[in-house]
Every structure is written in structure tokens, then in C-alpha cells.
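Data from protein_39.txt: compact mmCIF, C-alpha atoms
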# COMPACT_ATOMS: atom_id res chain seq x y z
CA LEU T 56 -3.13 -16.15 23.93
CA ILE T 57 -0.62 -19.01 23.76
CA ASP T 58 0.83 -20.74 26.81
CA ALA T 59 4.44 -21.22 25.67
CA ARG T 60 5.49 -23.67 28.37
CA GLU T 61 8.56 -25.13 26.67
CA LEU T 62 9.96 -21.67 25.97
CA ALA T 63 9.24 -20.67 29.56
CA GLN T 64 11.26 -23.66 30.78
CA SER T 65 14.12 -22.88 28.42
CA VAL T 66 14.52 -19.37 29.82
CA GLY T 67 13.84 -20.33 33.42
CA VAL T 68 10.63 -18.41 34.08
CA GLY T 69 7.48 -19.71 35.70
CA ALA T 70 5.17 -18.93 32.78
CA LEU T 71 5.36 -17.34 29.35
CA HIS T 72 2.19 -16.26 27.58
CA VAL T 73 2.35 -14.95 24.03
CA LYS T 74 -0.38 -12.79 22.47
CA ASP T 75 -0.50 -13.96 18.86
CA GLU T 76 -1.40 -11.20 16.39
CA ARG T 77 -0.40 -13.06 13.23
CA GLY T 78 -3.98 -13.68 12.10
CA ARG T 79 -5.45 -10.30 12.99
CA MET T 80 -8.23 -9.44 10.50
CA GLY T 81 -6.44 -11.34 7.74
CA LEU T 82 -3.75 -8.64 7.55
CA GLY T 83 -1.03 -10.52 9.40
CA SER T 84 -0.19 -8.10 12.20
CA PHE T 85 -1.44 -6.03 15.13
CA LYS T 86 -1.36 -2.92 12.95
CA ALA T 87 -4.70 -3.98 11.49
CA LEU T 88 -6.08 -2.35 14.66
CA GLY T 89 -4.46 1.02 13.94
CA ALA T 90 -4.83 2.86 10.64
CA ALA T 91 -8.02 1.00 9.69
CA TYR T 92 -9.52 2.04 13.02
CA VAL T 93 -8.75 5.71 12.40
CA ILE T 94 -10.35 5.48 8.96
CA ALA T 95 -13.40 3.72 10.43
CA CYS T 96 -13.78 6.54 12.95
CA GLU T 97 -13.64 9.09 10.12
CA ALA T 98 -16.34 7.15 8.25
CA ALA T 99 -18.56 6.99 11.32
CA ALA T 100 -18.10 10.72 11.94
CA SER T 101 -19.22 11.52 8.39
CA GLY T 102 -22.82 10.76 9.38
CA LYS T 103 -23.45 8.94 6.11
CA VAL T 104 -25.75 5.94 6.17
CA ASP T 105 -23.83 3.93 3.58
CA LEU T 106 -20.46 3.51 5.28
CA ALA T 107 -19.05 1.65 2.29
CA LYS T 108 -19.15 4.94 0.40
CA ALA T 109 -18.77 7.32 3.35
CA LEU T 110 -15.26 8.46 2.42
CA HIS T 111 -15.58 8.45 -1.36
CA GLY T 112 -13.31 11.11 -2.84
CA GLN T 113 -10.93 11.20 0.14
CA THR T 114 -7.34 10.02 0.01
CA PHE T 115 -5.33 8.79 2.99
CA VAL T 116 -1.57 8.97 2.62
CA THR T 117 1.14 7.54 4.83
CA ALA T 118 4.63 6.13 4.96
CA SER T 119 5.14 2.60 6.14
CA ALA T 120 7.60 -0.21 6.72
CA GLY T 121 4.77 -2.47 5.55
CA ASN T 122 2.12 -3.41 8.12
CA HIS T 123 0.81 0.10 8.88
CA GLY T 124 0.35 0.65 5.17
CA MET T 125 -1.59 -2.62 4.86
CA SER T 126 -3.98 -1.46 7.57
CA GLY T 127 -4.47 1.91 5.90
CA ALA T 128 -5.02 0.35 2.48
CA ALA T 129 -7.55 -2.15 3.84
CA GLY T 130 -9.42 0.51 5.82
CA ALA T 131 -9.59 2.89 2.88
CA LYS T 132 -10.98 0.14 0.64
CA VAL T 133 -13.72 -0.77 3.13
CA PHE T 134 -14.98 2.80 3.47
CA GLY T 135 -14.66 3.94 -0.14
CA ALA T 136 -11.50 6.05 0.12
CA ALA T 137 -8.20 5.92 -1.74
CA ALA T 138 -4.85 5.08 -0.13
CA VAL T 139 -1.34 6.16 -1.11
CA VAL T 140 1.54 4.50 0.71
CA TYR T 141 5.15 5.70 0.56
CA LEU T 142 7.81 3.03 1.07
CA SER T 143 11.51 3.57 1.49
CA ARG T 144 13.97 1.65 -0.65
CA THR T 145 14.79 -0.62 2.34
CA VAL T 146 11.27 -2.12 2.48
CA PRO T 147 11.03 -5.56 0.82
CA THR T 148 9.40 -5.43 -2.63
CA SER T 149 6.89 -8.06 -1.50
CA PHE T 150 5.20 -5.40 0.62
CA ALA T 151 4.57 -3.22 -2.41
CA ALA T 152 2.78 -6.10 -4.13
CA LYS T 153 0.66 -6.76 -1.03
CA LEU T 154 -0.30 -3.11 -0.75
CA GLU T 155 -1.25 -2.88 -4.41
CA ALA T 156 -3.37 -6.02 -4.03
CA LYS T 157 -5.32 -4.13 -1.33
CA GLY T 158 -5.92 -1.28 -3.77
CA ALA T 159 -3.25 1.15 -2.57
CA THR T 160 -1.05 3.28 -4.79
CA VAL T 161 2.56 2.64 -3.81
CA VAL T 162 5.35 5.20 -4.16
CA ILE T 163 8.97 4.20 -3.50
CA GLU T 164 10.88 7.19 -2.16
CA GLY T 165 13.67 7.75 0.35
CA ALA T 166 16.55 5.79 1.77
CA ASP T 167 14.81 5.08 5.09
CA TYR T 168 11.48 5.29 6.89
CA GLU T 169 12.02 8.88 7.98
CA ALA T 170 12.66 10.00 4.39
CA SER T 171 9.56 8.23 3.11
CA MET T 172 7.49 9.87 5.85
CA GLU T 173 8.76 13.29 4.81
CA ALA T 174 7.69 12.50 1.25
CA ALA T 175 4.23 11.46 2.48
CA GLN T 176 3.91 14.70 4.44
CA ASN T 177 4.81 16.72 1.37
CA ALA T 178 2.27 14.83 -0.72
CA ALA T 179 -0.44 15.40 1.88
CA THR T 180 0.20 19.14 1.88
CA LYS T 181 0.42 19.41 -1.90
CA ASN T 182 -2.73 17.39 -2.62
CA SER T 183 -4.84 18.17 0.47
CA TRP T 184 -4.80 14.49 1.46
CA PHE T 185 -5.38 13.09 4.96
CA LEU T 186 -1.97 12.32 6.50
CA LEU T 187 -2.27 9.13 8.55
CA SER T 188 1.02 8.46 10.31
CA ASP T 189 1.60 5.93 13.07
CA SER T 190 4.03 8.39 14.61
CA SER T 191 3.45 11.82 16.16
CA TRP T 192 5.32 15.09 16.48
CA GLU T 193 4.69 18.66 17.55
CA GLY T 194 1.58 19.87 15.75
CA TYR T 195 0.55 16.38 14.63
CA THR T 196 -1.00 14.30 17.40
CA GLU T 197 -4.71 13.59 16.88
CA PRO T 198 -4.62 10.82 14.21
CA PRO T 199 -1.75 8.88 15.85
CA HIS T 200 -3.42 9.23 19.25
CA ARG T 201 -6.60 7.69 17.82
CA LEU T 202 -4.50 5.02 16.11
CA MET T 203 -2.88 4.00 19.41
CA GLU T 204 -6.37 3.81 20.89
CA GLY T 205 -7.04 1.01 18.41
CA TYR T 206 -4.01 -0.92 19.68
CA LEU T 207 -5.62 -1.06 23.13
CA GLN T 208 -7.84 -3.86 21.81
CA MET T 209 -4.82 -6.17 21.49
CA ALA T 210 -3.68 -5.50 25.04
CA GLU T 211 -7.21 -5.78 26.42
CA GLU T 212 -7.66 -9.21 24.85
CA ALA T 213 -4.34 -10.40 26.27
CA PHE T 214 -5.03 -9.12 29.77
CA GLU T 215 -8.53 -10.64 29.81
CA ALA T 216 -7.19 -14.06 28.77
CA LEU T 217 -4.31 -14.26 31.26
CA PRO T 218 -4.91 -16.72 34.11
CA GLU T 219 -2.98 -14.43 36.50
CA PRO T 220 -1.63 -10.89 36.26
CA PRO T 221 1.83 -10.83 34.64
CA THR T 222 4.89 -10.01 36.66
CA HIS T 223 6.67 -8.87 33.47
CA ILE T 224 5.45 -7.47 30.13
CA MET T 225 7.86 -7.31 27.17
CA LEU T 226 6.87 -4.74 24.52
CA GLN T 227 8.83 -4.28 21.30
CA ALA T 228 9.02 -0.77 19.92
CA GLY T 229 9.66 1.07 16.68
CA VAL T 230 8.24 4.58 17.02
CA GLY T 231 6.55 3.26 20.17
CA GLY T 232 2.83 2.95 19.36
CA LEU T 233 2.33 -0.70 20.34
CA ALA T 234 4.46 -0.31 23.44
CA GLY T 235 2.83 2.96 24.48
CA ALA T 236 -0.70 1.60 24.23
CA GLY T 237 0.16 -1.68 25.94
CA ALA T 238 2.04 -0.02 28.77
CA ALA T 239 -0.70 2.55 29.42
CA LEU T 240 -3.40 -0.11 29.71
CA ALA T 241 -1.14 -2.33 31.82
CA ARG T 242 -0.61 0.45 34.34
CA GLU T 243 -4.36 1.09 34.47
CA ARG T 244 -5.10 -2.61 34.91
CA PHE T 245 -2.22 -3.83 37.08
CA GLY T 246 -0.83 -0.66 38.64
CA GLU T 247 2.81 -1.09 39.64
CA GLY T 248 2.38 -4.85 39.92
CA SER T 249 3.90 -5.58 36.51
CA ILE T 250 7.44 -4.75 35.41
CA ILE T 251 7.22 -3.23 31.92
CA ILE T 252 10.21 -3.72 29.63
CA VAL T 253 10.45 -2.01 26.23
CA VAL T 254 12.65 -3.63 23.58
CA GLU T 255 14.31 -1.77 20.67
CA PRO T 256 16.88 -2.69 18.01
CA ASP T 257 20.33 -1.49 19.04
CA ALA T 258 20.51 0.05 15.55
CA ALA T 259 17.53 2.30 16.35
CA PRO T 260 17.48 3.14 20.08
CA ALA T 261 15.31 6.24 19.68
CA LEU T 262 13.23 5.71 22.82
CA ILE T 263 16.18 4.71 25.00
CA GLU T 264 18.27 7.69 23.99
CA SER T 265 15.33 10.08 24.31
CA VAL T 266 14.54 8.92 27.83
CA LYS T 267 18.22 9.16 28.80
CA SER T 268 18.43 12.73 27.56
CA GLY T 269 15.02 13.83 28.82
CA GLU T 270 13.90 15.03 25.38
CA PRO T 271 13.09 13.50 21.97
CA LYS T 272 16.20 12.41 20.12
CA VAL T 273 16.80 11.43 16.50
CA THR T 274 19.24 8.54 16.43
CA SER T 275 21.36 7.04 13.68
CA GLY T 276 22.57 3.57 12.88
CA PRO T 277 22.72 0.85 10.24
CA VAL T 278 19.65 -0.73 8.70
CA SER T 279 18.32 -3.37 11.10
CA ASN T 280 16.85 -6.77 10.21
CA MET T 281 14.02 -5.76 12.56
CA GLY T 282 12.59 -3.67 9.74
CA ARG T 283 9.28 -2.73 11.32
CA LEU T 284 11.15 -1.57 14.45
CA ASP T 285 13.94 0.22 12.59
CA CYS T 286 12.74 3.74 13.41
CA LYS T 287 15.33 6.33 14.30
CA GLU T 288 12.91 8.92 15.71
CA PRO T 289 10.26 8.27 18.40
CA SER T 290 6.58 9.14 18.33
CA LEU T 291 6.12 12.07 20.68
CA ILE T 292 2.90 10.71 22.22
CA ALA T 293 4.35 7.24 22.70
CA LEU T 294 7.57 8.62 24.17
CA LYS T 295 5.75 10.70 26.77
CA GLY T 296 3.64 7.74 27.84
CA LEU T 297 6.53 5.29 27.93
CA ALA T 298 8.73 7.67 29.91
CA ARG T 299 6.00 7.56 32.55
CA ASP T 300 5.01 3.88 32.38
CA THR T 301 8.15 1.86 31.54
CA ASP T 302 10.44 0.31 34.14
CA TYR T 303 13.28 -0.69 31.79
CA PHE T 304 14.36 -0.03 28.22
CA VAL T 305 16.58 -2.68 26.62
CA SER T 306 18.02 -3.17 23.15
CA ILE T 307 18.85 -6.29 21.18
CA SER T 308 21.16 -6.86 18.24
CA ASP T 309 20.19 -8.16 14.82
CA ASP T 310 22.01 -11.40 15.66
CA GLN T 311 19.97 -11.85 18.84
CA ALA T 312 16.72 -11.21 16.97
CA GLU T 313 17.70 -13.69 14.26
CA ALA T 314 18.86 -16.31 16.78
CA ALA T 315 15.38 -16.45 18.33
CA LEU T 316 13.63 -17.42 15.10
CA ASN T 317 14.33 -21.16 15.31
CA ALA T 318 13.10 -21.33 18.89
CA LEU T 319 9.96 -19.44 17.91
CA GLU T 320 9.27 -21.72 14.96
CA ASN T 321 9.80 -24.85 17.06
CA ALA T 322 7.26 -23.49 19.55
CA GLY T 323 4.69 -22.90 16.80
CA LEU T 324 5.31 -19.15 16.93
CA ALA T 325 7.02 -18.54 13.58
CA SER T 326 7.49 -14.82 13.03
CA THR T 327 10.03 -12.26 11.89
CA PRO T 328 12.87 -10.58 13.80
CA SER T 329 10.48 -7.66 14.34
CA GLY T 330 7.49 -9.72 15.39
CA GLY T 331 9.41 -11.81 17.89
CA ALA T 332 11.69 -9.09 19.27
CA GLY T 333 10.14 -9.12 22.74
CA ILE T 334 10.61 -12.86 23.05
CA ALA T 335 14.11 -12.58 21.55
CA ALA T 336 15.05 -10.13 24.29
CA LEU T 337 13.81 -12.58 26.91
CA LEU T 338 15.79 -15.43 25.35
CA ALA T 339 18.95 -13.29 25.16
CA THR T 340 18.83 -11.94 28.72
CA SER T 341 22.10 -12.51 30.58
CA GLU T 342 22.26 -13.67 34.19
CA THR T 343 23.25 -10.15 35.24
CA ASP T 344 20.29 -8.62 33.41
CA ARG T 345 17.93 -11.29 34.75
CA ALA T 346 18.79 -10.20 38.26
CA LYS T 347 18.34 -6.53 37.36
CA LEU T 348 14.98 -7.20 35.70
CA GLN T 349 13.88 -9.47 38.57
CA LEU T 350 13.33 -12.43 36.23
CA ASN T 351 13.30 -15.79 37.98
CA GLY T 352 11.55 -19.13 38.17
CA LYS T 353 8.38 -17.54 39.56
CA SER T 354 8.06 -14.84 36.90
CA ARG T 355 4.93 -14.76 34.75
CA VAL T 356 5.93 -13.09 31.47
CA LEU T 357 3.66 -11.70 28.75
CA CYS T 358 5.05 -11.13 25.25
CA PHE T 359 3.44 -10.03 21.98
CA LEU T 360 3.99 -11.79 18.66
CA SER T 361 3.20 -8.82 16.47
CA GLU T 362 3.36 -10.14 12.90
CA GLU T 363 3.32 -13.27 10.77
CA ALA T 364 6.43 -14.89 9.37
CA ALA T 365 5.84 -14.14 5.69
CA GLN T 366 6.99 -10.52 5.84
Is it possible to express this structure as C-alpha cells?
Amino acid sequence: LIDARELAQSVGVGALHVKDERGRMGLGSFKALGAAYVIACEAAASGKVDLAKALHGQTFVTASAGNHGMSGAAGAKVFGAAAVVYLSRTVPTSFAAKLEAKGATVVIEGADYEASMEAAQNAATKNSWFLLSDSSWEGYTEPPHRLMEGYLQMAEEAFEALPEPPTHIMLQAGVGGLAGAGAALARERFGEGSIIIVVEPDAAPALIESVKSGEPKVTSGPVSNMGRLDCKEPSLIALKGLARDTDYFVSISDDQAEAALNALENAGLASTPSGGAGIAALLATSETDRAKLQLNGKSRVLCFLSEEAAQ
């Protein structure tokens, strides 16, 4: 947990603490706690003594914008399983190389994340593989629910390390897994004492639009530079939890996410537009929004730096 005092001063808040997930398990992001955790639970449930071979012969398949696939590939390798990861054509080619280095089979299919997930679902059905998505929908909830359980570790560590309870918690969201887990634990720990703010790209406001309409909504928009957050359809589990736990939903533009990168690097918090989106939203908050969100010189803000810069 990093005490980002200079950034706090620059935005006029009393304190800004940043939970740094860039070094998590050598995988570079908080998602190391997700898919690998689900696979570990499957290995433990097998009852086999040699966990390194517990899942031999099984294949886990998913779609990913990068980090979720890395977690699945690493987890499969540890417990003797195979991993197949579908990437859309918008995912940087560097991710494919990283996934293959972890032993995964990479398939490029679809123009966006949603299309690559549909391809992964079809492959799971055709080959009797274990579908391991970080999103959820009607009829598919157990694996993503367990995956979000893994994300609780990140929030627990942050809350334990804070010198005082936060007045504000900024949580960036794609399908909503990180935000949903963090918000649920925050409400359990701090009750209504913390204002929870969820941040999405304005090109993919799936959670905002769903909450506005009172039902899950598929949104549309251009490809965002916040690639790991560029999800046009929410996770059903995450949406239900966030509709209950969140005080405010806000969106930021690609330009606002990009503009925050220099400030993050200067503070020793180099990341990507996705990884720093929560902090970017704080930096971009207008005076009008500051008043609405009750941000002032006494605020104690917690943000999450969710991935390393080399993405």
C-alpha cells in the first residue's frame, strides 16, 4: 500500500493510498488472484495427493484481454492442466507471446472481447473443456463467483494496511469483478462509512447504463485505450453486487486516462490507462463533481493500481 502524498496534494485531498498490484505473483496484475485461484480450488477438490498432477488431462478455456488469460495459463501449468486462451484482434500481440510463454495455446478470434468469449464458449461445448470466464451470465455463475472470491485478497490486504478507514474508494471496472469484490468487502468492513465510486471507460459504460435501466444492458462504442476495461457487457454477479453497494458510477474518456500516465509515473506508479483508471478519474474530477462526490481536503481516498506498465 503506497502513501501517494504528492498526488494527494495535487488533487486537494487529505490522503491518497494506492494498492499496488503490479508485482502480484510475478504475473503483473491483480488477476493473478482470480483464474489461478479457481483452478487451485479445482485441484484441491480432486482429492489427489500430488497437486502438481491433479488436473492432468483437463483443459481450461477462456477469453481474455490479457491479464485474466495469464492467470489461467499460470494456474493450469501449476496443477498439470492445459489452457486455451481466445484473444480478440484488438488485444496487443505482446499478450499472445506472454501467454504462450506460460504454456497456453492462443487462438485469435473475434473483433472484440465479447466475440472472443463467444468463441471460447463454443470451444468449451465442442471439446468438453472447463469454461473459465471472469464474467457471468444467466446459467453461468459458479466459476466467476469463485474467481471474484479470489479478488477479496487484494481488498483485504489494502484494508488491513490502511492507517484509517477510507472516506472514498475508487474502483475501476470492466465486467465488474474487481469492483464487485472490493465494494462487497468494503461494505462489510466499513459499512456506509466509505463512499464507493466505480469508474468505467466512457466507450464501455455497461455498468452505468445497466444500473440506470434497472437491468443488464449491452452497450456499444469505439475501442478504448483502457483495453482491460473495454467490456461492453457487465458480469451479472458483479452488476447485482455493485447496484447494491456503489454510491456513484462515473466514466472517463481515453484522453483523461492517458493524461494521468505522466503523473502516475512521476509518483512511482507507472501503469497503463486501465491500471490507473481509478486514479485518473480522481485527477480528472471537476469542481462540480468534487462537491457531488464529497471530495475535499479531509478526504482519505483509496485507489487500486491494477496492472504493471508493460502491457
Of T:Tyr168, T:Phe150, T:Tyr92, T:Tyr141, the one sitting nearest Cys286 of chain T when using all atoms listed in the file is T:Tyr168
Residue nearest Ala261 of chain T - candidates T:Gly235, T:Pro289, T:Gly282, T:Gly121, atoms counted: only C-alpha atoms:
T:Pro289
Pairwise distance for atom CA of Ser119 of chain T and atom CA of Val266 of chain T, rounded to one decimal in Å
24.5 Å
Need to verify the contact set: Leu360 of chain T, 7 Å, all atoms listed in the file, exclusion of same-chain residues closer than 4 positions in sequence. Can you return it as a ChimeraX atom specification?
/T:73-76,330-331
Starting from the point (9.3, -12.3, 14.1), work out which residues of protein, DNA or RNA have an atom no more than 10 Å away when counting only C-alpha atoms; state them as an MDAnalysis selection string.
chainID T and resid 77 281 283 312:313 315:316 319:320 324:335 360:366
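Nearest to Gly81 of chain T of all the residues T:Gly69, T:Ala129, T:Leu217, T:Ala120 is T:Ala129, counting all atoms listed in the file.
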Using only C-alpha atoms, which of T:Ala107, T:Ala87, T:Cys358, T:Ile163 sits nearest Ala128 of chain T?
T:Ala87
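What separates atom CA of Lys153 of chain T from atom CA of Glu204 of chain T is a distance of 25.3 Å.
Taking atom CA of Gly276 of chain T as the reference point, atom CA of Leu294 of chain T is found at 19.4 Å.
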Taking the point (1.9, 6.8, 5.2) as given in the file, collect each protein or nucleic acid residue that comes within 7 Å of it, counting all atoms listed in the file, and present the set as a PDB file with C-alpha atoms, in the frame of the given file.
ATOM      1  CA  VAL T 116      -1.570   8.970   2.620  1.00  0.00           C
ATOM      2  CA  THR T 117       1.140   7.540   4.830  1.00  0.00           C
ATOM      3  CA  ALA T 118       4.630   6.130   4.960  1.00  0.00           C
ATOM      4  CA  SER T 119       5.140   2.600   6.140  1.00  0.00           C
ATOM      5  CA  GLY T 124       0.350   0.650   5.170  1.00  0.00           C
ATOM      6  CA  VAL T 140       1.540   4.500   0.710  1.00  0.00           C
ATOM      7  CA  TYR T 141       5.150   5.700   0.560  1.00  0.00           C
ATOM      8  CA  MET T 172       7.490   9.870   5.850  1.00  0.00           C
ATOM      9  CA  ALA T 175       4.230  11.460   2.480  1.00  0.00           C
ATOM     10  CA  LEU T 186      -1.970  12.320   6.500  1.00  0.00           C
ATOM     11  CA  LEU T 187      -2.270   9.130   8.550  1.00  0.00           C
ATOM     12  CA  SER T 188       1.020   8.460  10.310  1.00  0.00           C
TER      13      SER T 188
END
Can you tell me which residues surround Ser126 of chain T at a distance of at most 7 Å, considering only C-alpha atoms, apart from same-chain residues fewer than 5 positions away, and format the answer as number ranges by chain?
T: 86-87, 89-91
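The smallest atom-to-atom distance between Ser306 of chain T and any of T:Ala258, T:Ala318, T:Leu207, T:Ile292, using only C-alpha atoms, is found for T:Ala258.
For Val278 of chain T, the set of protein, DNA and RNA residues having any atom at most 12 Å away, when counting all atoms listed in the file and skipping those fewer than 6 positions along the same chain, is Ser143, Arg144, Thr145, Val146, Ala166, Asp167, Tyr168, Pro256, Asp257, Ala258, Ala259, Leu284, Asp285, Cys286, Lys287, Ser308 and Asp309 of chain T.
Considering the residues T:Thr222, T:Thr196, T:Gln208, T:Ser84 and counting all atoms listed in the file, Leu71 of chain T has its shortest atom-to-atom contact with T:Thr222.
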